[in-house]
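Data block below; observations after.
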Amino acid sequence: MSVQMGFFIALAAITLWSGYMVVAARLITHAAFYMALSFVSVAGIFILLNAEFLAAAQVLIYAGAVATIIIFAIMLSNVREIRSDADCPPGIIQRLSLNLRSERLGILPVVVGVIFGLAMAYVYLKAGWTTNAQPAFTNTTASIGQELFTTYAVPFEVASLLLLVAMVGAIILTIKEGK
Amino acid sequence: MIPLTFFLILAALLFGLGIAGALLRTNAIRMLMCIELMLNAVNLNLVAFSHYITPGVFRGQVLAIFVMVVAAAEAAVGLAIILELTRKRKVIDVDRTTLLKW
């Protein structure tokens with residue numbers, strides 16, 4: 001087993017475990033931190049895939065920005081149940097905990113997730129892609145910049161417009177009405 | 001050398017976790033987190049394909065950057081909507097925000 005394989009298995013285990021904890025953690029703040037952990041370990045997997053730029057962007061955007069604004073939203077919303085299931089009335093605890101006998105909130109979503117994962121794994125194992133045996137190491141960041149500003153210049157501008165619209169929309173949505 | 005299939009199966013499992021979480025949880029913020037997990041799995045697939053199928057061409061990685069842009073925009077607008085929801089109606093449970101159901 002090569003060193004790469006060892007790193008891959010460790011990172012995959014961390015990713016899946018923290019992804020599971022995002023779903024299953026009792027406190028939503030813990031779920032947010034587990035989400036950041038899974039983002040960081042996916043960034044490690046990006047490095048294994050020779051995508052350094054994306055790994056850096058993943059840490060900056062996902063683990064940095066998205067996780068932070070989710071934690072901010074948790075702190076800013078004053079609803080008690082958002083912080084912990086323990087503060088809720090007993091009925092809600094039962095609905096939020098993993099009750100496998102309940103159809104809507106237990107067995108059905110789990111079955112859907114498991115079936116999806118297994119079906120896709122089966123497809124991937126059966127599909128015979130011709131993969132490059134030894135991918136060459138190249139300067140990824142420069143090449144991505146080249147592509148982004150030549151071939152994909154228009155999508156790039158549209159993406160920046162989308163970000164601007166999202167920013168303005170978020171500000172407009174959270175403006176308090178009246179003074 | 002790690003086979004391509006390993007990355008793809010990892011991404012599929014991560015996506016399955018995200019689907020299960022988004023359907024299982026009724027807390028709006030946790031659903032948003034599960035959607036981010038799913039987008040992450042898609043990014044993983046794109047980068048793996050880009051690395052193994054078309055090495056030297058970075059289309060998959062460029063597409064992954066656009067997925068990140070959309071994920072960031074979605075998180076910002078989604079959290080703004082959720083904040084407004086908690087401010088106006090004092091609920092975060094999507095099962096109890098049924099105003100548009102009728």
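Residues in the structure tokens are named by chain (A, B, ... in the order shown) and by number from 1 within that chain; ligands are numbered from 1 in the order shown.
Using only C-alpha atoms, the residues found no farther than 7 Å from stretch 68-78 of chain B, other than those of its own chain fewer than 2 positions away, are A:Val66, A:Ala159, A:Leu163, A:Ala166, A:Gly169, A:Ala170, B:Glu36, B:Ala64, B:Ile65, B:Phe66, B:Ala80, B:Ile81, B:Ile82.
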Q.
If we count only C-alpha atoms and set the cut-off at 12 Å, which residues sit around B:Val47, ignoring sequence neighbours fewer than 6 positions away in its own chain? Please answer as an NGL selection string.
A. (:A and (42-43 or 45-55 or 140)) or (:B and (4 or 7-8 or 11 or 40-41 or 53-55 or 57-65 or 67))
re atom CA of B:Gly18 and atom CA of A:Phe8: distance 20.5 Å
Of B:Leu37, B:Ala28, B:Leu13, B:Ala20, the one nearest to A:Ile74 when counting only C-alpha atoms is B:Ala28
Restricting to only C-alpha atoms, whichever of B:Ala22, B:Met31, B:Leu17, B:Tyr52 is closest to B:Met1 is B:Tyr52
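Across B:Asn45, B:Met38, B:Leu79, B:Arg96, the tightest approach to chain A is made by B:Leu79 when counting only C-alpha atoms.
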Taken to one decimal, the atom CA of B:Ser50-atom CA of A:Glu147 distance is 13.6 Å
